$ cat upload.csv   # CSV, C-alpha atoms
chain,number,residue,atom,x,y,z
A,130,MET,CA,-18.9,5.9,-1.8
A,131,LYS,CA,-17.8,8.9,-3.8
A,132,ASP,CA,-14.1,9.9,-4.1
A,133,TYR,CA,-12.9,13.0,-2.4
A,134,SER,CA,-12.3,14.6,-5.7
A,135,GLU,CA,-15.9,14.1,-6.7
A,136,VAL,CA,-17.4,15.4,-3.4
A,137,LEU,CA,-15.1,18.5,-3.4
A,138,GLN,CA,-15.5,19.0,-7.2
A,139,VAL,CA,-11.8,19.0,-7.8
A,140,PRO,CA,-11.4,16.4,-10.6
A,141,ASN,CA,-7.7,17.0,-11.2
A,142,TRP,CA,-6.6,16.7,-7.6
A,143,ASP,CA,-4.7,13.6,-6.3
A,144,PHE,CA,-5.6,12.7,-2.7
A,145,VAL,CA,-2.8,10.8,-0.9
A,146,ASN,CA,-2.0,10.0,2.7
A,147,GLU,CA,1.7,10.9,2.4
A,148,ILE,CA,4.0,12.8,0.1
A,149,ILE,CA,7.6,13.8,-0.1
A,150,TYR,CA,8.2,17.5,-1.1
A,151,ASN,CA,11.6,19.3,-0.8
A,152,ASP,CA,13.0,16.2,0.9
A,153,ILE,CA,10.4,16.4,3.7
A,154,LYS,CA,7.9,13.7,4.2
A,155,TYR,CA,4.3,14.8,5.0
A,156,PHE,CA,1.8,12.4,6.5
A,157,HIS,CA,-1.8,12.5,7.4
A,158,GLY,CA,-2.4,12.4,11.2
A,159,GLU,CA,-2.3,8.6,11.8
A,160,GLY,CA,0.8,7.5,13.7
A,161,CYS,CA,1.8,10.8,15.3
A,162,GLY,CA,1.6,9.2,18.8
A,163,SER,CA,5.1,7.8,18.2
A,164,PHE,CA,6.5,10.4,16.0
A,165,LEU,CA,9.9,10.4,17.6
A,166,GLN,CA,10.3,6.8,16.5
A,167,SER,CA,8.9,7.8,13.1
A,168,LEU,CA,11.6,10.5,12.8
A,169,LEU,CA,14.3,8.0,13.7
A,170,ARG,CA,13.0,5.5,11.2
A,171,ASN,CA,12.9,7.9,8.3
A,172,ASP,CA,15.9,9.5,6.6
A,173,LYS,CA,14.0,12.8,6.2
A,174,SER,CA,12.3,15.4,8.3
A,175,ILE,CA,8.6,14.6,8.8
A,176,VAL,CA,5.4,16.5,9.2
A,177,PHE,CA,2.1,15.0,10.6
A,178,GLY,CA,-1.0,17.0,9.8
A,179,HIS,CA,-4.5,16.8,11.1
A,180,TYR,CA,-3.8,15.4,14.5
A,181,HIS,CA,-6.3,16.4,17.1
A,182,ILE,CA,-4.4,16.0,20.4
A,183,ARG,CA,-0.8,16.8,19.7
A,184,PHE,CA,0.9,20.0,18.6
A,185,GLU,CA,4.7,19.6,18.9
A,186,LEU,CA,8.0,20.1,17.2
A,187,ILE,CA,11.2,18.1,17.9
A,188,TYR,CA,14.6,17.9,16.5
A,189,ALA,CA,16.8,14.8,16.4
A,190,VAL,CA,19.6,13.5,14.2
A,191,ASN,CA,19.7,16.8,12.2
A,192,ARG,CA,16.1,16.5,11.2
A,193,PHE,CA,12.8,17.7,12.6
A,194,ALA,CA,9.4,16.1,13.3
A,195,MET,CA,6.4,18.4,13.5
A,196,CYS,CA,3.0,17.2,14.6
A,197,CYS,CA,0.3,19.7,13.8
A,198,GLY,CA,-3.1,20.2,15.3
A,199,TRP,CA,-6.2,20.6,13.1
A,200,LEU,CA,-8.4,23.4,11.8
A,201,GLY,CA,-11.8,21.8,12.1
A,202,ASP,CA,-14.9,22.7,14.1
A,203,ASP,CA,-15.2,20.3,17.0
A,204,ASN,CA,-19.0,21.1,17.2
A,205,SER,CA,-19.6,19.9,13.7
A,206,ILE,CA,-21.1,16.6,12.8
A,207,ALA,CA,-17.8,15.7,11.0
A,208,PHE,CA,-16.1,15.5,14.5
A,209,ASP,CA,-18.7,13.2,16.1
A,210,TYR,CA,-16.5,10.2,15.5
A,211,ALA,CA,-13.9,11.5,18.0
A,212,LYS,CA,-16.0,13.1,20.7
A,213,SER,CA,-16.0,10.0,22.9
A,214,PHE,CA,-12.2,10.0,23.3
A,215,ILE,CA,-11.1,13.7,22.6
A,216,LYS,CA,-12.4,16.3,25.0
A,217,LYS,CA,-11.0,19.4,23.3
A,218,PRO,CA,-8.9,19.1,20.1
A,219,ILE,CA,-5.8,21.3,19.5
A,220,LEU,CA,-6.4,24.0,16.9
A,221,GLY,CA,-3.3,24.9,15.0
A,222,CYS,CA,-1.4,24.5,11.8
A,223,GLY,CA,2.1,23.9,10.8
A,224,VAL,CA,4.0,25.7,8.1
A,225,VAL,CA,7.4,24.8,6.5
A,226,LEU,CA,9.0,27.9,5.2
A,227,ASN,CA,12.5,27.6,3.6
A,228,ASN,CA,12.7,24.1,5.1
A,229,LEU,CA,12.2,25.5,8.6
A,230,PRO,CA,9.1,24.2,10.6
A,231,ILE,CA,6.8,26.7,12.2
A,232,LEU,CA,3.8,25.8,14.5
A,233,ILE,CA,1.0,28.3,14.5
A,234,PRO,CA,-1.6,28.0,17.3
A,235,MET,CA,-5.1,29.1,16.4
A,236,ASN,CA,-7.9,30.3,18.6
$ encode --input "upload.csv" --output "structure tokens"
Amino acid sequence: MKDYSEVLQVPNWDFVNEIIYNDIKYFHGEGCGSFLQSLLRNDKSIVFGHYHIRFELIYAVNRFAMCCGWLGDDNSIAFDYAKSFIKKPILGCGVVLNNLPILIPMN
């Protein structure tokens, strides 16, 4: 299988599932189902991206956890893997501006 960087023709990009930036931990969508527990286990605020069925922001212990929707096309072949268990995904994105989380629903 080809690497993401080869398929997308971005040879200098580094694809990772999590990263810490400005003392906030960003994850790919896996594990968002128990994101309150994830927030309590981490010593940083956390953001889960690309999560099809949850769009939520919580605060606890002076930190936040933001679970974003996704911005894909649920009619595309790329979404076929999830059609059997997700009826309608949540379209939205999350932004962290000046260390403040913002959820933006999309239509």
$ closest_residue --input "upload.csv" --among "A:Ile182, A:Cys196, A:Met235, A:Ile175" --to "A:Lys216" --atoms "only C-alpha atoms"
A:Ile182
$ closest_residue --input "upload.csv" --among "A:Asn146, A:Asn191, A:Ser213, A:Asn236" --to "A:Phe177" --atoms "all atoms listed in the file"
A:Asn146
$ atom_distance --input "upload.csv" --atom1 "atom CA of A:Gly201" --atom2 "atom CA of A:Asn228"
25.6 Å
$ atom_distance --input "upload.csv" --atom1 "atom CA of A:Ala194" --atom2 "atom CA of A:Asp152"
12.9 Å
$ residues_around --input "upload.csv" --residues "A:Leu232" --least-positions-apart "2" --cutoff "10 Å" --atoms "all atoms listed in the file" --output "ChimeraX atom specification"
/A:184-186,195-198,221-225,230,234-235
$ residues_around --input "upload.csv" --residues "A:Arg192" --least-positions-apart "2" --cutoff "12 Å" --atoms "all atoms listed in the file" --output "JSON, numbers by chain"
{"A": [152, 153, 154, 165, 167, 168, 169, 170, 171, 172, 173, 174, 175, 176, 186, 187, 188, 189, 190, 194, 195, 228, 229, 230]}
$ atom_distance --input "upload.csv" --atom1 "atom CA of A:Pro140" --atom2 "atom CA of A:Tyr210"
27.3 Å
$ residues_around --input "upload.csv" --residues "A:Phe208" --least-positions-apart "5" --cutoff "12 Å" --atoms "all atoms listed in the file" --output "ChimeraX atom specification"
/A:181,199-203,213-218
$ decode --input "upload.csv" --residues "stretch 132-199 of chain A" --atoms "C-alpha atoms" --output "tab-separated table (two decimals), in the first residue's frame"
chain	number	residue	atom	x	y	z
A	132	ASP	CA	1.79	6.01	2.10
A	133	TYR	CA	-0.58	8.96	2.52
A	134	SER	CA	2.21	11.32	1.50
A	135	GLU	CA	2.66	9.50	-1.80
A	136	VAL	CA	-1.06	9.30	-2.61
A	137	LEU	CA	-1.65	12.97	-1.75
A	138	GLN	CA	1.65	14.03	-3.36
A	139	VAL	CA	2.92	15.82	-0.25
A	140	PRO	CA	6.35	14.22	0.29
A	141	ASN	CA	7.37	16.51	3.16
A	142	TRP	CA	4.28	15.97	5.32
A	143	ASP	CA	4.40	13.78	8.41
A	144	PHE	CA	1.11	11.93	9.05
A	145	VAL	CA	0.49	11.10	12.71
A	146	ASN	CA	-2.52	9.98	14.78
A	147	GLU	CA	-1.83	12.39	17.62
A	148	ILE	CA	0.17	15.53	18.26
A	149	ILE	CA	0.63	18.05	21.06
A	150	TYR	CA	0.54	21.68	19.97
A	151	ASN	CA	0.35	24.68	22.34
A	152	ASP	CA	-0.10	22.22	25.22
A	153	ILE	CA	-3.26	20.74	23.65
A	154	LYS	CA	-3.33	17.10	22.59
A	155	TYR	CA	-4.96	16.42	19.20
A	156	PHE	CA	-6.09	12.90	18.27
A	157	HIS	CA	-7.63	11.20	15.31
A	158	GLY	CA	-11.25	10.13	15.94
A	159	GLU	CA	-10.70	6.74	17.57
A	160	GLY	CA	-11.59	6.66	21.25
A	161	CYS	CA	-13.88	9.68	21.36
A	162	GLY	CA	-16.67	7.54	22.81
A	163	SER	CA	-15.13	7.86	26.27
A	164	PHE	CA	-13.57	11.26	25.83
A	165	LEU	CA	-14.46	12.42	29.36
A	166	GLN	CA	-12.29	9.59	30.69
A	167	SER	CA	-9.61	10.56	28.17
A	168	LEU	CA	-9.71	14.13	29.45
A	169	LEU	CA	-9.40	12.98	33.05
A	170	ARG	CA	-6.46	10.68	32.15
A	171	ASN	CA	-4.55	13.42	30.32
A	172	ASP	CA	-2.88	16.43	31.87
A	173	LYS	CA	-3.81	18.56	28.84
A	174	SER	CA	-6.89	19.68	26.99
A	175	ILE	CA	-7.71	17.30	24.15
A	176	VAL	CA	-9.32	17.49	20.72
A	177	PHE	CA	-10.66	14.49	18.81
A	178	GLY	CA	-11.07	15.08	15.10
A	179	HIS	CA	-12.87	13.14	12.36
A	180	TYR	CA	-15.50	11.55	14.53
A	181	HIS	CA	-18.69	10.70	12.66
A	182	ILE	CA	-21.28	10.56	15.44
A	183	ARG	CA	-20.23	12.98	18.15
A	184	PHE	CA	-19.95	16.77	18.17
A	185	GLU	CA	-19.43	17.97	21.69
A	186	LEU	CA	-17.37	20.18	23.98
A	187	ILE	CA	-16.93	19.63	27.72
A	188	TYR	CA	-14.90	21.26	30.44
A	189	ALA	CA	-13.51	19.47	33.48
A	190	VAL	CA	-10.58	19.98	35.82
A	191	ASN	CA	-9.62	23.31	34.17
A	192	ARG	CA	-9.26	21.66	30.76
A	193	PHE	CA	-11.50	21.00	27.79
A	194	ALA	CA	-12.26	18.05	25.57
A	195	MET	CA	-13.66	18.74	22.12
A	196	CYS	CA	-15.01	16.01	19.89
A	197	CYS	CA	-15.45	17.22	16.32
A	198	GLY	CA	-17.58	15.85	13.54
A	199	TRP	CA	-16.13	15.31	10.11
